[in-house]
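With mmCIF, C-alpha atoms, pLDDT in the B column; chains and numbers go by the auth columns inside, this is entry-v7.cif:
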data_query
#
loop_
_atom_site.group_PDB
_atom_site.id
_atom_site.type_symbol
_atom_site.label_atom_id
_atom_site.label_comp_id
_atom_site.label_asym_id
_atom_site.label_seq_id
_atom_site.Cartn_x
_atom_site.Cartn_y
_atom_site.Cartn_z
_atom_site.B_iso_or_equiv
_atom_site.auth_seq_id
_atom_site.auth_asym_id
ATOM 1 C CA MET A 1 0.000 0.000 0.000 78.00 1 K
ATOM 2 C CA ASP A 2 1.495 3.342 -1.004 82.00 2 K
ATOM 3 C CA ALA A 3 1.541 6.385 1.289 84.00 3 K
ATOM 4 C CA ASP A 4 -1.379 8.178 -0.390 90.00 4 K
ATOM 5 C CA THR A 5 -3.589 5.096 -0.169 92.00 5 K
ATOM 6 C CA MET A 6 -2.612 4.566 3.482 91.00 6 K
ATOM 7 C CA ILE A 7 -3.343 8.170 4.351 94.00 7 K
ATOM 8 C CA GLU A 8 -6.718 8.093 2.611 96.00 8 K
ATOM 9 C CA ALA A 9 -7.771 4.844 4.298 96.00 9 K
ATOM 10 C CA LEU A 10 -6.555 5.929 7.737 96.00 10 K
ATOM 11 C CA GLU A 11 -8.117 9.389 7.503 97.00 11 K
ATOM 12 C CA ARG A 12 -11.494 7.803 6.695 97.00 12 K
ATOM 13 C CA GLU A 13 -11.302 6.003 10.057 97.00 13 K
ATOM 14 C CA TRP A 14 -10.942 9.371 11.818 96.00 14 K
ATOM 15 C CA GLU A 15 -14.069 10.852 10.142 96.00 15 K
ATOM 16 C CA PHE A 16 -16.574 11.826 12.820 94.00 16 K
ATOM 17 C CA ASP A 17 -19.732 10.368 11.281 93.00 17 K
ATOM 18 C CA SER A 18 -18.537 7.100 9.772 94.00 18 K
ATOM 19 C CA GLY A 19 -14.986 6.348 10.826 97.00 19 K
ATOM 20 C CA PHE A 20 -14.068 3.925 13.583 98.00 20 K
ATOM 21 C CA PHE A 21 -12.339 6.619 15.656 97.00 21 K
ATOM 22 C CA GLY A 22 -15.056 9.199 14.963 96.00 22 K
ATOM 23 C CA ARG A 23 -17.683 6.833 16.311 96.00 23 K
ATOM 24 C CA LEU A 24 -15.425 5.852 19.198 96.00 24 K
ATOM 25 C CA ARG A 25 -15.234 9.520 20.178 94.00 25 K
ATOM 26 C CA ARG A 26 -19.016 9.343 20.624 93.00 26 K
ATOM 27 C CA GLY A 27 -18.707 6.239 22.810 93.00 27 K
ATOM 28 C CA GLU A 28 -19.643 3.778 20.061 94.00 28 K
ATOM 29 C CA PHE A 29 -17.420 0.738 19.602 95.00 29 K
ATOM 30 C CA ASP A 30 -18.220 -0.245 16.027 95.00 30 K
ATOM 31 C CA LYS A 31 -17.144 -3.877 15.568 95.00 31 K
ATOM 32 C CA ALA A 32 -17.332 -3.651 11.771 96.00 32 K
ATOM 33 C CA GLY A 33 -15.269 -0.457 11.876 97.00 33 K
ATOM 34 C CA PHE A 34 -12.731 -2.116 14.151 98.00 34 K
ATOM 35 C CA SER A 35 -12.430 -5.056 11.738 98.00 35 K
ATOM 36 C CA ARG A 36 -11.959 -2.593 8.888 97.00 36 K
ATOM 37 C CA LEU A 37 -9.210 -0.815 10.834 98.00 37 K
ATOM 38 C CA ILE A 38 -7.442 -4.090 11.620 98.00 38 K
ATOM 39 C CA ASP A 39 -7.597 -4.996 7.933 97.00 39 K
ATOM 40 C CA ILE A 40 -6.060 -1.647 6.951 97.00 40 K
ATOM 41 C CA LEU A 41 -3.287 -2.014 9.521 97.00 41 K
ATOM 42 C CA GLY A 42 -2.645 -5.565 8.342 96.00 42 K
ATOM 43 C CA HIS A 43 -1.955 -4.294 4.822 94.00 43 K
ATOM 44 C CA ILE A 44 0.616 -1.691 5.865 93.00 44 K
ATOM 45 C CA ASP A 45 4.183 -2.831 5.329 89.00 45 K
ATOM 46 C CA LEU A 46 6.932 -0.292 5.969 85.00 46 K
ATOM 47 C CA GLN A 47 9.746 -2.811 6.434 81.00 47 K
ATOM 48 C CA ASP A 48 11.575 -1.811 3.244 79.00 48 K
ATOM 49 C CA SER A 49 11.050 1.921 3.766 78.00 49 K
ATOM 50 C CA THR A 50 13.976 4.121 4.653 79.00 50 K
ATOM 51 C CA SER A 51 11.591 6.937 5.556 85.00 51 K
ATOM 52 C CA VAL A 52 7.900 7.157 6.366 86.00 52 K
ATOM 53 C CA ASP A 53 5.489 9.915 5.397 89.00 53 K
ATOM 54 C CA ARG A 54 4.930 12.180 8.398 91.00 54 K
ATOM 55 C CA ARG A 55 1.144 12.054 7.995 93.00 55 K
ATOM 56 C CA VAL A 56 1.152 8.239 8.057 92.00 56 K
ATOM 57 C CA VAL A 57 3.072 8.292 11.336 91.00 57 K
ATOM 58 C CA SER A 58 0.759 10.905 12.859 93.00 58 K
ATOM 59 C CA LEU A 59 -2.304 8.823 11.986 94.00 59 K
ATOM 60 C CA LEU A 60 -0.781 5.625 13.373 95.00 60 K
ATOM 61 C CA TRP A 61 0.960 6.492 16.638 93.00 61 K
ATOM 62 C CA TYR A 62 -2.054 8.293 18.070 94.00 62 K
ATOM 63 C CA MET A 63 -4.433 5.317 17.745 97.00 63 K
ATOM 64 C CA PRO A 64 -3.841 3.368 20.979 96.00 64 K
ATOM 65 C CA LEU A 65 -3.466 6.577 22.977 96.00 65 K
ATOM 66 C CA PHE A 66 -6.780 7.903 21.658 97.00 66 K
ATOM 67 C CA MET A 67 -8.483 4.578 22.287 97.00 67 K
ATOM 68 C CA GLY A 68 -7.329 4.649 25.900 96.00 68 K
ATOM 69 C CA TRP A 69 -8.800 8.123 26.336 96.00 69 K
ATOM 70 C CA GLN A 70 -12.173 6.862 25.097 96.00 70 K
ATOM 71 C CA ALA A 71 -12.311 3.863 27.451 95.00 71 K
ATOM 72 C CA GLU A 72 -14.702 5.378 29.987 94.00 72 K
ATOM 73 C CA ARG A 73 -17.050 6.674 27.306 93.00 73 K
ATOM 74 C CA VAL A 74 -17.087 3.292 25.540 94.00 74 K
ATOM 75 C CA GLN A 75 -17.639 1.400 28.793 93.00 75 K
ATOM 76 C CA GLU A 76 -20.629 3.610 29.564 93.00 76 K
ATOM 77 C CA SER A 77 -22.173 2.350 26.321 92.00 77 K
ATOM 78 C CA GLY A 78 -21.944 -1.249 27.526 93.00 78 K
ATOM 79 C CA VAL A 79 -18.683 -2.525 26.052 91.00 79 K
ATOM 80 C CA SER A 80 -16.743 -4.634 28.542 93.00 80 K
ATOM 81 C CA VAL A 81 -13.452 -3.286 29.870 92.00 81 K
ATOM 82 C CA GLU A 82 -11.731 -6.544 29.009 94.00 82 K
ATOM 83 C CA ASP A 83 -12.924 -6.562 25.388 94.00 83 K
ATOM 84 C CA PHE A 84 -11.936 -2.937 24.879 96.00 84 K
ATOM 85 C CA ASP A 85 -8.492 -3.509 26.425 96.00 85 K
ATOM 86 C CA LYS A 86 -8.006 -6.433 24.026 97.00 86 K
ATOM 87 C CA ALA A 87 -8.873 -4.152 21.103 97.00 87 K
ATOM 88 C CA ILE A 88 -6.376 -1.519 22.268 97.00 88 K
ATOM 89 C CA ASN A 89 -3.689 -4.179 22.679 97.00 89 K
ATOM 90 C CA GLN A 90 -4.393 -5.583 19.227 98.00 90 K
ATOM 91 C CA VAL A 91 -3.934 -2.147 17.648 98.00 91 K
ATOM 92 C CA HIS A 92 -0.802 -1.538 19.720 97.00 92 K
ATOM 93 C CA ASN A 93 0.711 -4.874 18.665 97.00 93 K
ATOM 94 C CA LEU A 94 -0.012 -4.225 14.999 97.00 94 K
ATOM 95 C CA LEU A 95 1.604 -0.802 15.262 96.00 95 K
ATOM 96 C CA GLU A 96 4.705 -2.345 16.817 94.00 96 K
ATOM 97 C CA GLY A 97 4.903 -4.599 13.779 93.00 97 K
ATOM 98 C CA ILE A 98 4.444 -1.662 11.407 92.00 98 K
ATOM 99 C CA LEU A 99 6.668 0.951 13.056 90.00 99 K
ATOM 100 C CA GLY A 100 8.966 -1.237 15.122 88.00 100 K
ATOM 101 C CA ILE A 101 9.980 -0.726 18.725 87.00 101 K
ATOM 102 C CA PRO A 102 12.878 1.321 20.051 85.00 102 K
#
Could you render the structure from this file as structure tokens?
Amino acid sequence: MDADTMIEALEREWEFDSGFFGRLRRGEFDKAGFSRLIDILGHIDLQDSTSVDRRVVSLLWYMPLFMGWQAERVQESGVSVEDFDKAINQVHNLLEGILGIP
């Protein structure tokens, strides 16, 4: 997946009305949106890249942090703490695979 395609796909997930993160901001854990996000992350391969587009990095690194901030709001809507923590960990683990660890 090239940088423009990644950016477009990731930015759609941040859209307030239809994106996974937009809905999460409203306390809605959209399982279909989460599956879509996982699929997008699974198609990102930066292993051969010597540099990464700044926008791609900004869209990626913020994900688990943002999800953690939404935990209380999501729990109030009936999602279990354990299930939501698993989702955050899954995103975090995929990002480690994409960006690497220090």
Kindly compute an axis-aligned box around the listed atoms of segment 59-66 of chain K, allowing 3 Å on each side, and express its centre and edge lengths in Å to one decimal as JSON.
{"center_x": -2.9, "center_y": 6.1, "center_z": 17.5, "size_x": 13.7, "size_y": 11.5, "size_z": 17.0}
Nearest to Val74 of chain K, restricted to all atoms listed in the file and choosing among K:Leu46, K:Leu24, K:Leu10, K:Leu59, comes out as K:Leu24
Residues in the PyMOL selection byres ((chain K and resi 86-102) around 7), expressed as a ChimeraX atom specification
/K:41,44-46,64,67,82-85
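Distances here use only C-alpha atoms; by that measure, the residue among K:Ile7, K:Ile38, K:Gly22, K:Met1 closest to Asp53 of chain K is K:Ile7.
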In Å and to one decimal, atom CA of Asp30 of chain K is distant from atom CA of Met6 of chain K by 20.6 Å
Which distance in Å separates atom CA of Phe29 of chain K and atom CA of Glu13 of chain K, to one decimal?
->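 Between atom CA of Phe29 of chain K and atom CA of Glu13 of chain K the gap works out to 12.5 Å.
The coordinates place atom CA of Val56 of chain K at 10.0 Å from atom CA of Thr5 of chain K.
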Inset, instruction - Pick out the closest residue to Arg73 of chain K from this set: K:Glu28, K:Asp39, K:Asp17, K:Asp48. Count all atoms listed in the file. - result: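 Closest to Arg73 of chain K, using all atoms listed in the file: K:Glu28.
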Ser18 of chain K proximity check over K:Glu72, K:Phe66, K:Gly33, K:Asp4, using all atoms listed in the file: winner is K:Gly33
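The residue that comes closest to Val79 of chain K, out of K:Lys31, K:Asp2, K:Val57, K:Phe20 and on the basis of all atoms listed in the file, is K:Lys31.
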